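As structure tokens, the structure follows; a few thoughts come after it.
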There are 2 protein chains.
Amino acid sequence: MRSIPIITLAATLVLAACSDRPAETPAGTEPAAQEARGVSAPVLPSWNRGTAIRSIVDFVAQVTDPASPDFVAPAERIAVFDNDGTLWSEQPLYFQMLFALDRVKAMAEDHPEWRDTQPFRAILEDDREALAEFGEHGIVQIVMATHAGLTTDEFTAVVMDWLATATHPRFGVPYTDLVYQPMLELLAYLRENGFKTFIVSGGGIDFMRPFTERVYGIPPEQVVGSAGELEFRMDDGVPTLHKTAGINFVDDKAGKPVGIHRFIGRRPILAFGNSDGDLQMLQYTAPGDRTALSGIVHHDDAEREVAYDRDSHIGRLDVALDEAPQRGWVVVSMKDDWNKVFPSPELP
Amino acid sequence: MRSIPIITLAATLVLAACSDRPAETPAGTEPAAQEARGVSAPVLPSWNRGTAIRSIVDFVAQVTDPASPDFVAPAERIAVFDNDGTLWSEQPLYFQMLFALDRVKAMAEDHPEWRDTQPFRAILEDDREALAEFGEHGIVQIVMATHAGLTTDEFTAVVMDWLATATHPRFGVPYTDLVYQPMLELLAYLRENGFKTFIVSGGGIDFMRPFTERVYGIPPEQVVGSAGELEFRMDDGVPTLHKTAGINFVDDKAGKPVGIHRFIGRRPILAFGNSDGDLQMLQYTAPGDRTALSGIVHHDDAEREVAYDRDSHIGRLDVALDEAPQRGWVVVSMKDDWNKVFPSPELP
């Protein structure tokens with residue numbers, strides 16, 4: 001296992017305060033709301049009774065009841081979820097960026113020139129101050145250097161190897177252990193109610209797809225994300241897709257409704273995000289005048305995870321937090337609405 | 001109902017010979033092959049017994065039998081189909097191009113300048129010779145003028161209206177009646193055997209999605225195609241997607257494996273096409289060394305449809321026809337393998 005440098009990357013990527021391993025799970029208030037709705041006990045157990053889960057359960061009842069005026073046919077029950085900060089953690093940096101930094105170290109032997117080239121030198125020397133200078137341009141260089149130049153099959157293998165071996169700097173567990181248990185329960189609950197669940201993330205599509213089916217029960221063809229350019233070649237008669245240096249699509253902000261239309265082709269009736277990067281997806285799904293639900297995971301739990309919103313450089317939540325009450329969006333408090341954050345009994 | 005001009009568009013779009021309404025369906029040789037495989041009688045009835053359907057049924061048996069060494073888990077049973085010339089007809093022109101030409105006429109009143117601007121003037125005057133001069137550049141101009149500038153919802157409404165009212169110049173029926181009955185049966189048969197069926201077409205994604213679910217049983221989220229750029233805007237507080245003039249992705253030739261990877265994220269185990277535009281998709285699916293089946297619909301039926309392959313400017317089939325025997329691809333003869341072409345009893 002390689003250690004992960006805790007770095008700061010200029011304006012876009014700033015390290016959130018890392019406390020030591022967090023204290024025990026605070027006592028939940030009351031167990032989940034669904035008993036009141038006649039849903040059997042094991043459903044949504046990590047959600048405390050409250051307005052958040054009540055709104056979700058009421059909405060699902062409304063769209064699945066054939067007698068309801070708001071009934072929605074199963075084919076139209078499209079639910080979309082942001083990934084970073086909504087389905088799994090995104091601190092101290094987007095996990096894909098931690099992957100990229102580890103890749104630089106793993107690839108350094110084949111790139112002696114990196115010892116004298118920024119931003120690679122700063123990564124190899126764990127020089128946080130130098131790294132902080134490079135900003136977005138540096139990030140693009142790092143992502144290109146670590147994500148391009150491989151075939152799609154090779155890249156998948158590299159991602160799977162990293163996920164199997166790397167661990168989170170604070171929690172000391174594999175990154176895929178840092179998914180949110182209440183959101184796993186919500187995904188399963190929606191699918192049981194005839195919804196088709198999709199990821200719509202700013203993260204790279206080739207980085208997510210190797211684990212989404214195992215971890216979230218979401219198959220690759222239901223993952224929408226940012227995508228690099230690809231080139232098809234017959235290599236000695238073998239059909240091969242190569243990842244090249246160009247970027248085809250950035251699935252963030254106003255790109256999210258575009259990605260939804262292009263990849264899914266239907267307007268969702270449920271969307272969940274956690275940041276202003278999700279604003280347009282939440283607006284597109286639930287502007288306030290149609291049968292739809294948009295929700296926000298609010299990171300307000302400094303003890304069990306990290307508390308951040310308006311001033312954070314990762315997952316900044318500002319405009320969407322103001323817009324939520326105007327448009328009737330559900331704001332989920334990690335602190336108050338969840339009695340468990342991560343699936344492992346050893347984590348909060 | 002507007003009449004449809006029969007035109008020729010330069011090197012890329014050439015009119016295939018239009019006979020009059022075709023003669024009666026030729027007698028099928030023997031009914032479908034599946035009885036021999038223990039499949040109940042109503043399956044694949046429009047396929048004559050022969051090597052083509054036998055290869056398909058054998059392949060499906062092989063990948064769905066848990067005891068078979070070639071068993072494929074249901075999640076990996078991805079089947080991809082080209083649309084134009086594979087699932088529905090593409091003569092005398094791609095139906096989307098006929099739609100675009102009708103759009104020019106419908107929009108002409110709001111564009112008086114078109115009366116003096118080519119290629120629009122040639123369309124409005126049914127001037128085939130002038131149109132033939134404009135080539136690809138003219139086609140791009142026509143597609144841009146007729147497909148951009150609308151919201152996605154408006155464009156969908158226009159497509160649905162056209163499909164409901166326009167009729168084919170030779171057969172005199174709505175275009176969606178000109179789907180191939182044997183391919184509808186094949187799609188249903190694959191789905192009954194746990195396959196997930198996708199369209200992977202060079203056609204426009206926004207042109208296809210309004211009808212694919214009703215006509216093929218393929219939902220919008222399983223349609224991959226060429227895509228224009230989109231812009232998300234809040235119009236007076238209403239979240240809206242506008243189709244702009246740029247092209248984001250051309251899902252043809254080497255673009256097809258790229259589209260498959262980007263939209264689906266799994267390598268198919270079955271692919272069907274009909275032209276060299278499908279070559280790379282067929283190669284990617286079944287290069288010859290993995291458990292997979294690629295197939296080609298060969299348009300060799302001059303009587304019931306149109307006979308064309310190596311020399312056609314629409315749906316040219318040349319390299320793929322040579323490669324088929326080398327890689328073990330199934331070549332389906334419309335003339336010999338299908339006892340019915342179109343679903344309607346009034347059509348061959």
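Just so we're on the same page: first chain in the structure tokens is A, next is B, and so on; residues restart at 1 for each chain, and ligands are numbered from 1 in the order they show up.
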
Only residues of chain A matter here; which ones have an atom within 6 Å of chain B, counting only C-alpha atoms? Give them as a PyMOL selection string. chain A and resi 220-221+232+239+254+264-265+284

Run DSSP on the backbone and tell me which residues of region 125-251 of chain A come out as alpha helix (DSSP H); list them as a VMD selection string. chain A and resid 128 to 132 135 to 147 152 to 165 181 to 192 205 to 216

Determine the nearest neighbour of His299 (chain A) from the options A:Pro69, A:Gly85, A:Pro74, A:Pro325, counting only C-alpha atoms. A:Gly85

Counting only C-alpha atoms, which residues of region 231-317 of chain A fall within 7 Å of region 188-203 of chain A, and what is the closest atom pair for each with its distance in Å at one decimal, ordered by chain and rising number, as CSV?
```
residue,atom,partner,partner_atom,distance
A:Val250,CA,A:Gly202,CA,6.5
A:Asp251,CA,A:Gly202,CA,4.7
A:Asp252,CA,A:Gly202,CA,4.8
A:Lys256,CA,A:Val200,CA,6.8
```

Counting only C-alpha atoms, what is within 12 Å of Val159 (chain B), bar same-chain residues fewer than 2 positions away, as a PyMOL selection string? chain B and resi 95-96+98-100+102-103+146-147+150+152-157+161-166+175-176+204-211

Output file for the selection above: N, CA and C atoms, as an mmCIF file, in the first residue's frame:
```cif
data_model
loop_
_atom_site.group_PDB
_atom_site.id
_atom_site.type_symbol
_atom_site.label_atom_id
_atom_site.label_comp_id
_atom_site.auth_asym_id
_atom_site.auth_seq_id
_atom_site.Cartn_x
_atom_site.Cartn_y
_atom_site.Cartn_z
ATOM 1 N N PHE B 95 -34.219 7.760 -43.830
ATOM 2 C CA PHE B 95 -35.508 8.392 -43.513
ATOM 3 C C PHE B 95 -35.313 9.738 -42.802
ATOM 4 N N GLN B 96 -34.224 9.841 -42.044
ATOM 5 C CA GLN B 96 -33.978 11.117 -41.364
ATOM 6 C C GLN B 96 -33.693 12.236 -42.375
ATOM 7 N N LEU B 98 -35.051 12.307 -45.421
ATOM 8 C CA LEU B 98 -36.378 12.644 -45.965
ATOM 9 C C LEU B 98 -37.124 13.559 -44.998
ATOM 10 N N PHE B 99 -36.973 13.288 -43.705
ATOM 11 C CA PHE B 99 -37.547 14.171 -42.677
ATOM 12 C C PHE B 99 -36.981 15.581 -42.805
ATOM 13 N N ALA B 100 -35.667 15.682 -42.992
ATOM 14 C CA ALA B 100 -35.025 16.999 -43.085
ATOM 15 C C ALA B 100 -35.514 17.767 -44.316
ATOM 16 N N ASP B 102 -38.422 17.395 -45.818
ATOM 17 C CA ASP B 102 -39.786 17.848 -45.517
ATOM 18 C C ASP B 102 -39.771 19.047 -44.584
ATOM 19 N N ARG B 103 -38.833 19.040 -43.642
ATOM 20 C CA ARG B 103 -38.722 20.166 -42.700
ATOM 21 C C ARG B 103 -38.402 21.454 -43.438
ATOM 22 N N THR B 146 -32.489 22.341 -40.035
ATOM 23 C CA THR B 146 -33.758 21.713 -39.676
ATOM 24 C C THR B 146 -33.739 21.077 -38.297
ATOM 25 N N HIS B 147 -32.571 20.842 -37.739
ATOM 26 C CA HIS B 147 -32.493 20.154 -36.451
ATOM 27 C C HIS B 147 -32.087 21.088 -35.316
ATOM 28 N N LEU B 150 -34.177 24.521 -31.973
ATOM 29 C CA LEU B 150 -35.376 24.148 -31.224
ATOM 30 C C LEU B 150 -34.966 23.662 -29.841
ATOM 31 N N THR B 152 -35.269 20.678 -27.020
ATOM 32 C CA THR B 152 -35.365 19.224 -27.208
ATOM 33 C C THR B 152 -36.836 18.782 -27.223
ATOM 34 N N ASP B 153 -37.657 19.408 -26.393
ATOM 35 C CA ASP B 153 -39.084 19.041 -26.375
ATOM 36 C C ASP B 153 -39.762 19.408 -27.696
ATOM 37 N N GLU B 154 -39.432 20.576 -28.218
ATOM 38 C CA GLU B 154 -40.016 20.989 -29.501
ATOM 39 C C GLU B 154 -39.598 20.037 -30.620
ATOM 40 N N PHE B 155 -38.315 19.673 -30.619
ATOM 41 C CA PHE B 155 -37.834 18.784 -31.675
ATOM 42 C C PHE B 155 -38.545 17.424 -31.618
ATOM 43 N N THR B 156 -38.721 16.911 -30.420
ATOM 44 C CA THR B 156 -39.429 15.640 -30.267
ATOM 45 C C THR B 156 -40.837 15.733 -30.850
ATOM 46 N N ALA B 157 -41.519 16.843 -30.572
ATOM 47 C CA ALA B 157 -42.883 17.019 -31.079
ATOM 48 C C ALA B 157 -42.893 17.057 -32.605
ATOM 49 N N ASP B 161 -44.778 14.344 -34.988
ATOM 50 C CA ASP B 161 -45.777 14.791 -35.959
ATOM 51 C C ASP B 161 -45.442 14.262 -37.356
ATOM 52 N N TRP B 162 -44.170 14.345 -37.718
ATOM 53 C CA TRP B 162 -43.754 13.862 -39.043
ATOM 54 C C TRP B 162 -44.000 12.360 -39.168
ATOM 55 N N LEU B 163 -43.600 11.602 -38.131
ATOM 56 C CA LEU B 163 -43.786 10.152 -38.191
ATOM 57 C C LEU B 163 -45.267 9.790 -38.293
ATOM 58 N N ALA B 164 -46.118 10.630 -37.708
ATOM 59 C CA ALA B 164 -47.558 10.334 -37.718
ATOM 60 C C ALA B 164 -48.205 10.675 -39.049
ATOM 61 N N THR B 165 -47.576 11.538 -39.838
ATOM 62 C CA THR B 165 -48.258 12.035 -41.044
ATOM 63 C C THR B 165 -47.544 11.696 -42.354
ATOM 64 N N ALA B 166 -46.220 11.629 -42.348
ATOM 65 C CA ALA B 166 -45.490 11.402 -43.596
ATOM 66 C C ALA B 166 -45.602 9.946 -44.032
ATOM 67 N N TYR B 175 -43.371 5.705 -42.115
ATOM 68 C CA TYR B 175 -42.016 5.142 -42.098
ATOM 69 C C TYR B 175 -41.837 4.056 -41.043
ATOM 70 N N THR B 176 -42.501 4.225 -39.897
ATOM 71 C CA THR B 176 -42.330 3.214 -38.840
ATOM 72 C C THR B 176 -43.012 1.888 -39.185
ATOM 73 N N GLY B 204 -29.466 10.312 -35.871
ATOM 74 C CA GLY B 204 -29.505 11.239 -34.750
ATOM 75 C C GLY B 204 -30.274 10.659 -33.573
ATOM 76 N N ILE B 205 -29.699 10.816 -32.399
ATOM 77 C CA ILE B 205 -30.277 10.232 -31.194
ATOM 78 C C ILE B 205 -31.654 10.845 -30.901
ATOM 79 N N ASP B 206 -31.801 12.148 -31.169
ATOM 80 C CA ASP B 206 -33.079 12.811 -30.890
ATOM 81 C C ASP B 206 -34.139 12.495 -31.948
ATOM 82 N N PHE B 207 -33.708 12.030 -33.110
ATOM 83 C CA PHE B 207 -34.654 11.615 -34.134
ATOM 84 C C PHE B 207 -35.197 10.212 -33.838
ATOM 85 N N MET B 208 -34.344 9.353 -33.269
ATOM 86 C CA MET B 208 -34.744 7.955 -33.057
ATOM 87 C C MET B 208 -35.563 7.739 -31.788
ATOM 88 N N ARG B 209 -35.139 8.418 -30.704
ATOM 89 C CA ARG B 209 -35.726 8.076 -29.407
ATOM 90 C C ARG B 209 -37.242 8.236 -29.313
ATOM 91 N N PRO B 210 -37.844 9.197 -30.038
ATOM 92 C CA PRO B 210 -39.301 9.296 -29.915
ATOM 93 C C PRO B 210 -40.070 8.055 -30.364
ATOM 94 N N PHE B 211 -39.456 7.168 -31.161
ATOM 95 C CA PHE B 211 -40.247 6.016 -31.622
ATOM 96 C C PHE B 211 -39.666 4.652 -31.265
#
```

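Atom pair CA of Arg49 (chain A) / CA of Ala271 (chain A) has a distance of 20.8 Å (rounded to one decimal).
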
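Each of A:Arg327, A:Arg304, A:Arg115, A:Arg54 was checked against Phe342 (chain A) using only C-alpha atoms; the smallest atom-to-atom distance is that of A:Arg304.
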